[in-house]
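Peer 1: The structure that follows is given in the form of C-alpha coordinates.
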Amino acid sequence: MNMNAEIPSLAKLAIAKIIERCEQLENNKDIEGMYAFMALFPRPILCELADNELIQKAWAQFCFYIGNYTEMYRTLKNHQFSHWNHQELQTMWYEARYKEAAKQRGRNLDDAAKCRVRKKFPLPRTIRKRRHVFNKRSHPILREHFLSVLHNPYPDAATKKDLADQTGLTPMQVSNWFNNLRHRFFAANRT
DNA sequence: TCTTATGATTGTAG
DNA sequence: CTACAATCATAAGA
(Lines give C-alpha, C1' and ligand atoms only; values in the text may rest on other atoms or scores of the structure.)
Protein backbone atom coordinates (compact mmCIF):
# COMPACT_ATOMS: atom_id res chain seq x y z
CA MET A 1 0.00 0.00 0.00
CA ASN A 2 0.90 3.66 -0.07
CA MET A 3 2.54 3.30 -3.44
CA ASN A 4 2.24 7.03 -3.98
CA ALA A 5 4.17 7.94 -0.88
CA GLU A 6 7.33 9.68 -1.87
CA ILE A 7 10.60 8.56 -0.55
CA PRO A 8 11.51 11.40 1.75
CA SER A 9 14.28 13.43 0.29
CA LEU A 10 17.40 14.02 2.27
CA ALA A 11 16.30 17.58 2.80
CA LYS A 12 13.00 16.54 4.30
CA LEU A 13 14.69 14.10 6.60
CA ALA A 14 17.16 16.75 7.63
CA ILE A 15 14.41 19.20 8.36
CA ALA A 16 12.49 16.69 10.41
CA LYS A 17 15.64 16.03 12.41
CA ILE A 18 16.19 19.71 12.93
CA ILE A 19 12.65 20.29 14.11
CA GLU A 20 12.92 17.38 16.48
CA ARG A 21 16.17 18.72 17.91
CA CYS A 22 14.71 22.21 18.27
CA GLU A 23 11.73 20.82 20.13
CA GLN A 24 14.01 19.06 22.55
CA LEU A 25 16.04 22.19 23.16
CA GLU A 26 12.92 24.29 23.53
CA ASN A 27 11.39 21.84 25.98
CA ASN A 28 14.58 21.76 27.99
CA LYS A 29 14.79 25.53 27.91
CA ASP A 30 18.34 25.00 26.74
CA ILE A 31 18.93 28.39 25.20
CA GLU A 32 22.69 27.99 24.91
CA GLY A 33 22.18 24.68 23.22
CA MET A 34 19.73 26.30 20.85
CA TYR A 35 22.25 28.96 19.88
CA ALA A 36 24.94 26.39 19.38
CA PHE A 37 22.62 24.33 17.26
CA MET A 38 21.49 27.27 15.17
CA ALA A 39 25.07 28.31 14.66
CA LEU A 40 25.53 25.16 12.62
CA PHE A 41 23.54 26.77 9.83
CA PRO A 42 25.49 29.37 7.92
CA ARG A 43 22.38 30.59 6.16
CA PRO A 44 18.65 30.43 6.85
CA ILE A 45 18.01 28.23 3.87
CA LEU A 46 16.75 25.32 5.87
CA CYS A 47 14.55 27.68 7.83
CA GLU A 48 12.95 28.79 4.60
CA LEU A 49 12.21 25.21 3.72
CA ALA A 50 10.86 24.33 7.11
CA ASP A 51 7.57 26.11 7.51
CA ASN A 52 7.78 25.57 11.21
CA GLU A 53 7.20 28.18 13.85
CA LEU A 54 9.65 26.67 16.28
CA ILE A 55 12.44 26.85 13.74
CA GLN A 56 11.58 30.37 12.75
CA LYS A 57 11.49 31.47 16.35
CA ALA A 58 14.75 29.74 17.20
CA TRP A 59 16.37 31.28 14.18
CA ALA A 60 15.16 34.74 15.11
CA GLN A 61 16.43 34.29 18.66
CA PHE A 62 19.77 33.18 17.37
CA CYS A 63 20.00 36.15 15.02
CA PHE A 64 19.22 38.44 17.93
CA TYR A 65 21.89 36.75 20.00
CA ILE A 66 24.60 37.20 17.39
CA GLY A 67 23.41 40.68 16.52
CA ASN A 68 22.26 39.99 12.99
CA TYR A 69 19.22 42.19 13.39
CA THR A 70 18.46 42.56 9.73
CA GLU A 71 18.00 38.85 9.38
CA MET A 72 15.99 38.79 12.59
CA TYR A 73 13.58 41.45 11.34
CA ARG A 74 13.20 39.61 8.10
CA THR A 75 12.39 36.39 9.88
CA LEU A 76 9.83 38.00 12.15
CA LYS A 77 8.17 39.78 9.25
CA ASN A 78 7.99 36.78 7.00
CA HIS A 79 6.34 34.27 9.27
CA GLN A 80 3.02 34.40 11.05
CA PHE A 81 3.62 33.57 14.71
CA SER A 82 1.07 32.27 17.18
CA HIS A 83 -0.16 34.55 19.88
CA TRP A 84 1.63 32.71 22.67
CA ASN A 85 4.94 33.74 21.10
CA HIS A 86 3.97 37.34 20.45
CA GLN A 87 5.06 38.86 23.73
CA GLU A 88 8.52 37.38 23.56
CA LEU A 89 9.05 38.25 19.93
CA GLN A 90 7.71 41.78 20.34
CA THR A 91 10.20 42.37 23.15
CA MET A 92 12.96 41.05 20.96
CA TRP A 93 11.89 43.26 18.05
CA TYR A 94 11.98 46.40 20.17
CA GLU A 95 15.16 45.48 22.00
CA ALA A 96 16.94 45.06 18.70
CA ARG A 97 15.65 48.41 17.50
CA TYR A 98 16.80 50.05 20.75
CA LYS A 99 20.24 48.53 20.44
CA GLU A 100 20.62 49.74 16.88
CA ALA A 101 19.43 53.23 17.73
CA ALA A 102 21.70 53.39 20.79
CA LYS A 103 24.68 52.31 18.75
CA GLN A 104 23.94 54.87 16.11
CA ARG A 105 23.79 57.76 18.53
CA GLY A 106 26.58 56.41 20.73
CA ARG A 107 24.74 56.35 24.07
CA ASN A 108 21.83 54.70 25.79
CA LEU A 109 18.30 55.74 25.02
CA ASP A 110 16.03 57.42 27.52
CA ASP A 111 12.35 56.58 27.66
CA ALA A 112 11.36 59.30 25.24
CA ALA A 113 13.89 58.08 22.71
CA LYS A 114 12.65 54.53 23.13
CA CYS A 115 9.13 55.72 22.55
CA ARG A 116 10.23 57.38 19.32
CA VAL A 117 11.95 54.19 18.24
CA ARG A 118 8.75 52.17 18.88
CA LYS A 119 6.78 54.65 16.81
CA LYS A 120 9.29 54.57 14.02
CA PHE A 121 9.43 50.78 13.90
CA PRO A 122 5.95 49.46 14.57
CA LEU A 123 5.53 45.76 15.17
CA PRO A 124 4.91 43.73 12.04
CA ARG A 125 1.52 42.08 11.75
CA THR A 126 3.11 38.70 12.03
CA ILE A 127 3.83 39.09 15.73
CA ARG A 128 0.59 40.81 16.69
CA LYS A 129 -2.78 39.41 17.53
CA ARG A 130 -5.04 38.72 14.58
CA ARG A 131 -8.79 38.25 14.52
CA HIS A 132 -9.77 35.31 12.44
CA VAL A 133 -13.15 34.77 10.85
CA PHE A 134 -15.25 31.71 11.44
CA ASN A 135 -16.44 29.59 8.61
CA LYS A 136 -19.72 31.01 7.28
CA ARG A 137 -21.77 27.98 8.21
CA SER A 138 -20.68 28.18 11.84
CA HIS A 139 -22.78 31.20 12.67
CA PRO A 140 -26.22 29.86 11.76
CA ILE A 141 -25.55 26.72 13.79
CA LEU A 142 -24.47 28.65 16.85
CA ARG A 143 -27.23 31.24 16.55
CA GLU A 144 -29.88 28.59 16.14
CA HIS A 145 -28.70 26.83 19.23
CA PHE A 146 -28.51 30.05 21.18
CA LEU A 147 -32.10 31.00 20.26
CA SER A 148 -33.48 27.53 20.88
CA VAL A 149 -32.14 27.50 24.44
CA LEU A 150 -32.55 31.18 25.18
CA HIS A 151 -34.09 30.33 28.52
CA ASN A 152 -30.79 28.74 29.45
CA PRO A 153 -28.03 29.82 27.07
CA TYR A 154 -25.29 28.04 28.97
CA PRO A 155 -24.29 24.96 27.02
CA ASP A 156 -22.66 22.25 29.11
CA ALA A 157 -19.38 20.67 28.13
CA ALA A 158 -21.00 17.93 26.07
CA THR A 159 -23.15 20.41 24.15
CA LYS A 160 -20.16 22.60 23.52
CA LYS A 161 -18.24 19.67 22.18
CA ASP A 162 -21.16 18.77 19.98
CA LEU A 163 -21.42 22.29 18.64
CA ALA A 164 -17.68 22.40 18.17
CA ASP A 165 -17.88 19.26 16.06
CA GLN A 166 -20.74 20.62 14.01
CA THR A 167 -19.07 23.94 13.34
CA GLY A 168 -15.48 22.83 13.10
CA LEU A 169 -14.51 25.21 15.89
CA THR A 170 -12.70 24.38 19.08
CA PRO A 171 -14.72 24.09 22.32
CA MET A 172 -12.92 27.20 23.52
CA GLN A 173 -14.09 29.12 20.47
CA VAL A 174 -17.64 27.95 21.12
CA SER A 175 -17.34 29.13 24.71
CA ASN A 176 -16.01 32.46 23.58
CA TRP A 177 -18.82 32.81 21.11
CA PHE A 178 -21.45 32.15 23.78
CA ASN A 179 -19.71 34.43 26.24
CA ASN A 180 -19.61 37.24 23.72
CA LEU A 181 -23.18 36.79 22.57
CA ARG A 182 -24.60 36.54 26.09
CA HIS A 183 -22.69 39.63 27.03
CA ARG A 184 -23.80 41.60 24.00
CA PHE A 185 -27.33 40.23 23.82
CA PHE A 186 -28.16 40.86 27.45
CA ALA A 187 -26.31 44.16 27.58
CA ALA A 188 -28.37 45.34 24.63
CA ASN A 189 -31.58 44.31 26.39
CA ARG A 190 -30.82 46.32 29.52
CA THR A 191 -31.48 50.02 30.01
C1' DT B 1 -10.57 56.14 5.29
C1' DC B 2 -13.87 55.74 9.14
C1' DT B 3 -17.18 52.73 11.46
C1' DT B 4 -19.08 48.53 12.89
C1' DA B 5 -19.11 43.77 14.05
C1' DT B 6 -16.87 40.29 16.16
C1' DG B 7 -13.17 36.80 17.79
C1' DA B 8 -9.99 36.80 21.46
C1' DT B 9 -7.74 38.20 25.72
C1' DT B 10 -7.40 39.93 30.38
C1' DG B 11 -8.58 40.45 35.06
C1' DT B 12 -11.92 39.39 38.59
C1' DA B 13 -14.83 36.49 41.22
C1' DG B 14 -16.78 32.23 42.43
C1' DC C 1 -11.87 25.14 35.97
C1' DT C 2 -16.18 28.63 34.52
C1' DA C 3 -18.78 33.03 33.66
C1' DC C 4 -18.47 37.51 33.11
C1' DA C 5 -17.36 42.60 31.99
C1' DA C 6 -14.32 45.26 29.87
C1' DT C 7 -11.31 45.84 26.49
C1' DC C 8 -8.33 45.02 22.47
C1' DA C 9 -7.41 44.26 17.56
C1' DT C 10 -8.96 43.84 13.23
C1' DA C 11 -11.86 41.97 9.08
C1' DA C 12 -15.48 43.56 6.68
C1' DG C 13 -18.56 47.02 5.42
C1' DA C 14 -19.75 51.90 4.51
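As shown in the C-alpha coordinates, the chain order sets the letters A, B, ...; within each chain, residues go from 1, and ligands are also counted from 1 in the order they appear.
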Can I get the residues of chain B within 12 Å of chain A, each with the closest pair of atoms and their distance in Å to one decimal, using only C-alpha atoms (C1' of nucleotides), sorted chain first then ascending number, as a Markdown table?
Peer 2:
```
| residue | atom | partner | partner_atom | distance |
| --- | --- | --- | --- | --- |
| B:DA5 | C1' | A:Arg184 | CA | 11.2 |
| B:DT6 | C1' | A:Arg131 | CA | 8.5 |
| B:DG7 | C1' | A:Arg131 | CA | 5.7 |
| B:DA8 | C1' | A:Arg131 | CA | 7.2 |
| B:DT9 | C1' | A:Lys129 | CA | 9.6 |
```
Peer 1: Which residues of chain C are close to chain A, meaning at most 9 Å apart when you count only C-alpha atoms (C1' of nucleotides), and how do they look as a ChimeraX atom specification?
Peer 2: /C:3-5,9-11
Peer 1: Limited to all heavy atoms, could you put the picked residues into a file as a tab-separated table (two decimals), in the first residue's frame?
Peer 2:
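Wrote part-v1.tsv, looks like this:
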```
chain	number	residue	atom	x	y	z
C	3	DA	P	-19.32	28.49	31.47
C	3	DA	OP1	-20.64	27.90	31.24
C	3	DA	OP2	-18.37	28.72	30.38
C	3	DA	O5'	-19.50	29.87	32.23
C	3	DA	C5'	-20.28	29.92	33.40
C	3	DA	C4'	-20.40	31.36	33.87
C	3	DA	O4'	-19.11	31.81	34.30
C	3	DA	C3'	-20.86	32.32	32.77
C	3	DA	O3'	-21.85	33.17	33.32
C	3	DA	C2'	-19.59	33.07	32.38
C	3	DA	C1'	-18.78	33.03	33.66
C	3	DA	N9	-17.33	33.02	33.48
C	3	DA	C8	-16.59	32.23	32.64
C	3	DA	N7	-15.31	32.42	32.71
C	3	DA	C5	-15.16	33.40	33.68
C	3	DA	C6	-14.03	34.04	34.23
C	3	DA	N6	-12.79	33.78	33.84
C	3	DA	N1	-14.24	34.98	35.17
C	3	DA	C2	-15.50	35.23	35.55
C	3	DA	N3	-16.64	34.70	35.11
C	3	DA	C4	-16.39	33.77	34.17
C	4	DC	P	-22.67	34.15	32.40
C	4	DC	OP1	-23.98	34.36	33.00
C	4	DC	OP2	-22.55	33.71	31.00
C	4	DC	O5'	-21.84	35.49	32.56
C	4	DC	C5'	-21.65	36.03	33.86
C	4	DC	C4'	-20.59	37.09	33.81
C	4	DC	O4'	-19.32	36.49	33.57
C	4	DC	C3'	-20.76	38.10	32.67
C	4	DC	O3'	-21.34	39.27	33.21
C	4	DC	C2'	-19.33	38.35	32.18
C	4	DC	C1'	-18.47	37.51	33.11
C	4	DC	N1	-17.29	36.88	32.48
C	4	DC	C2	-16.02	37.28	32.89
C	4	DC	O2	-15.91	38.16	33.74
C	4	DC	N3	-14.93	36.70	32.32
C	4	DC	C4	-15.08	35.75	31.41
C	4	DC	N4	-13.98	35.20	30.90
C	4	DC	C5	-16.38	35.32	30.99
C	4	DC	C6	-17.45	35.91	31.55
C	5	DA	P	-21.87	40.43	32.29
C	5	DA	OP1	-23.08	40.99	32.92
C	5	DA	OP2	-21.91	39.93	30.90
C	5	DA	O5'	-20.71	41.51	32.41
C	5	DA	C5'	-20.28	41.91	33.70
C	5	DA	C4'	-19.09	42.84	33.56
C	5	DA	O4'	-17.93	42.07	33.16
C	5	DA	C3'	-19.27	43.93	32.51
C	5	DA	O3'	-18.79	45.15	33.06
C	5	DA	C2'	-18.44	43.45	31.33
C	5	DA	C1'	-17.36	42.60	31.99
C	5	DA	N9	-16.91	41.45	31.20
C	5	DA	C8	-17.69	40.59	30.47
C	5	DA	N7	-17.00	39.63	29.89
C	5	DA	C5	-15.69	39.89	30.26
C	5	DA	C6	-14.48	39.23	29.96
C	5	DA	N6	-14.40	38.13	29.19
C	5	DA	N1	-13.36	39.74	30.50
C	5	DA	C2	-13.45	40.82	31.27
C	5	DA	N3	-14.51	41.53	31.61
C	5	DA	C4	-15.62	41.00	31.07
C	9	DA	P	-4.46	46.41	21.23
C	9	DA	OP1	-3.07	45.99	21.48
C	9	DA	OP2	-4.78	47.83	21.03
C	9	DA	O5'	-4.99	45.63	19.96
C	9	DA	C5'	-4.82	44.22	19.93
C	9	DA	C4'	-5.43	43.68	18.65
C	9	DA	O4'	-6.87	43.74	18.75
C	9	DA	C3'	-5.04	44.47	17.40
C	9	DA	O3'	-4.55	43.54	16.46
C	9	DA	C2'	-6.33	45.16	16.96
C	9	DA	C1'	-7.41	44.26	17.56
C	9	DA	N9	-8.66	44.91	17.97
C	9	DA	C8	-8.80	46.13	18.56
C	9	DA	N7	-10.05	46.45	18.84
C	9	DA	C5	-10.77	45.35	18.39
C	9	DA	C6	-12.15	45.06	18.39
C	9	DA	N6	-13.08	45.89	18.86
C	9	DA	N1	-12.54	43.87	17.87
C	9	DA	C2	-11.60	43.04	17.40
C	9	DA	N3	-10.28	43.21	17.34
C	9	DA	C4	-9.93	44.39	17.86
C	10	DT	P	-4.12	44.00	15.01
C	10	DT	OP1	-3.08	43.04	14.62
C	10	DT	OP2	-3.90	45.45	14.94
C	10	DT	O5'	-5.43	43.67	14.17
C	10	DT	C5'	-5.97	42.36	14.24
C	10	DT	C4'	-7.25	42.30	13.45
C	10	DT	O4'	-8.30	43.01	14.16
C	10	DT	C3'	-7.16	42.97	12.06
C	10	DT	O3'	-7.89	42.20	11.16
C	10	DT	C2'	-7.85	44.30	12.30
C	10	DT	C1'	-8.96	43.84	13.23
C	10	DT	N1	-9.67	44.88	13.97
C	10	DT	C2	-11.02	44.69	14.20
C	10	DT	O2	-11.61	43.71	13.81
C	10	DT	N3	-11.63	45.70	14.89
C	10	DT	C4	-11.05	46.85	15.37
C	10	DT	O4	-11.71	47.67	15.98
C	10	DT	C5	-9.64	46.99	15.11
C	10	DT	C7	-8.92	48.19	15.59
C	10	DT	C6	-9.04	46.01	14.43
C	11	DA	P	-7.25	41.50	9.93
C	11	DA	OP1	-6.37	40.45	10.43
C	11	DA	OP2	-6.73	42.57	9.08
C	11	DA	O5'	-8.49	40.83	9.20
C	11	DA	C5'	-9.28	39.90	9.93
C	11	DA	C4'	-10.71	39.95	9.45
C	11	DA	O4'	-11.41	41.06	10.07
C	11	DA	C3'	-10.89	40.12	7.95
C	11	DA	O3'	-12.01	39.33	7.57
C	11	DA	C2'	-11.15	41.62	7.78
C	11	DA	C1'	-11.86	41.97	9.08
C	11	DA	N9	-11.58	43.29	9.63
C	11	DA	C8	-10.40	43.96	9.64
C	11	DA	N7	-10.44	45.13	10.25
C	11	DA	C5	-11.75	45.22	10.68
C	11	DA	C6	-12.45	46.21	11.40
C	11	DA	N6	-11.90	47.34	11.83
C	11	DA	N1	-13.76	45.99	11.66
C	11	DA	C2	-14.31	44.85	11.23
C	11	DA	N3	-13.77	43.84	10.56
C	11	DA	C4	-12.47	44.10	10.31
```
Peer 1: Just give me the gap between CA of Asp162 (chain A) and CA of Phe178 (chain A) in Å, one decimal is fine.
Peer 2: 13.9 Å
Peer 1: Using CA of Asn135 (chain A) and CA of Gln80 (chain A) as the two end points, give the distance in Å to one decimal.
Peer 2: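 Calculated distance between CA of Asn135 (chain A) and CA of Gln80 (chain A) is 20.2 Å.
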Peer 1: As an exercise, work out the distance from CA of Ala164 (chain A) to CA of Asn52 (chain A) in Å and give it to one decimal place.
Peer 2: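 CA of Ala164 (chain A) sits 26.6 Å away from CA of Asn52 (chain A).
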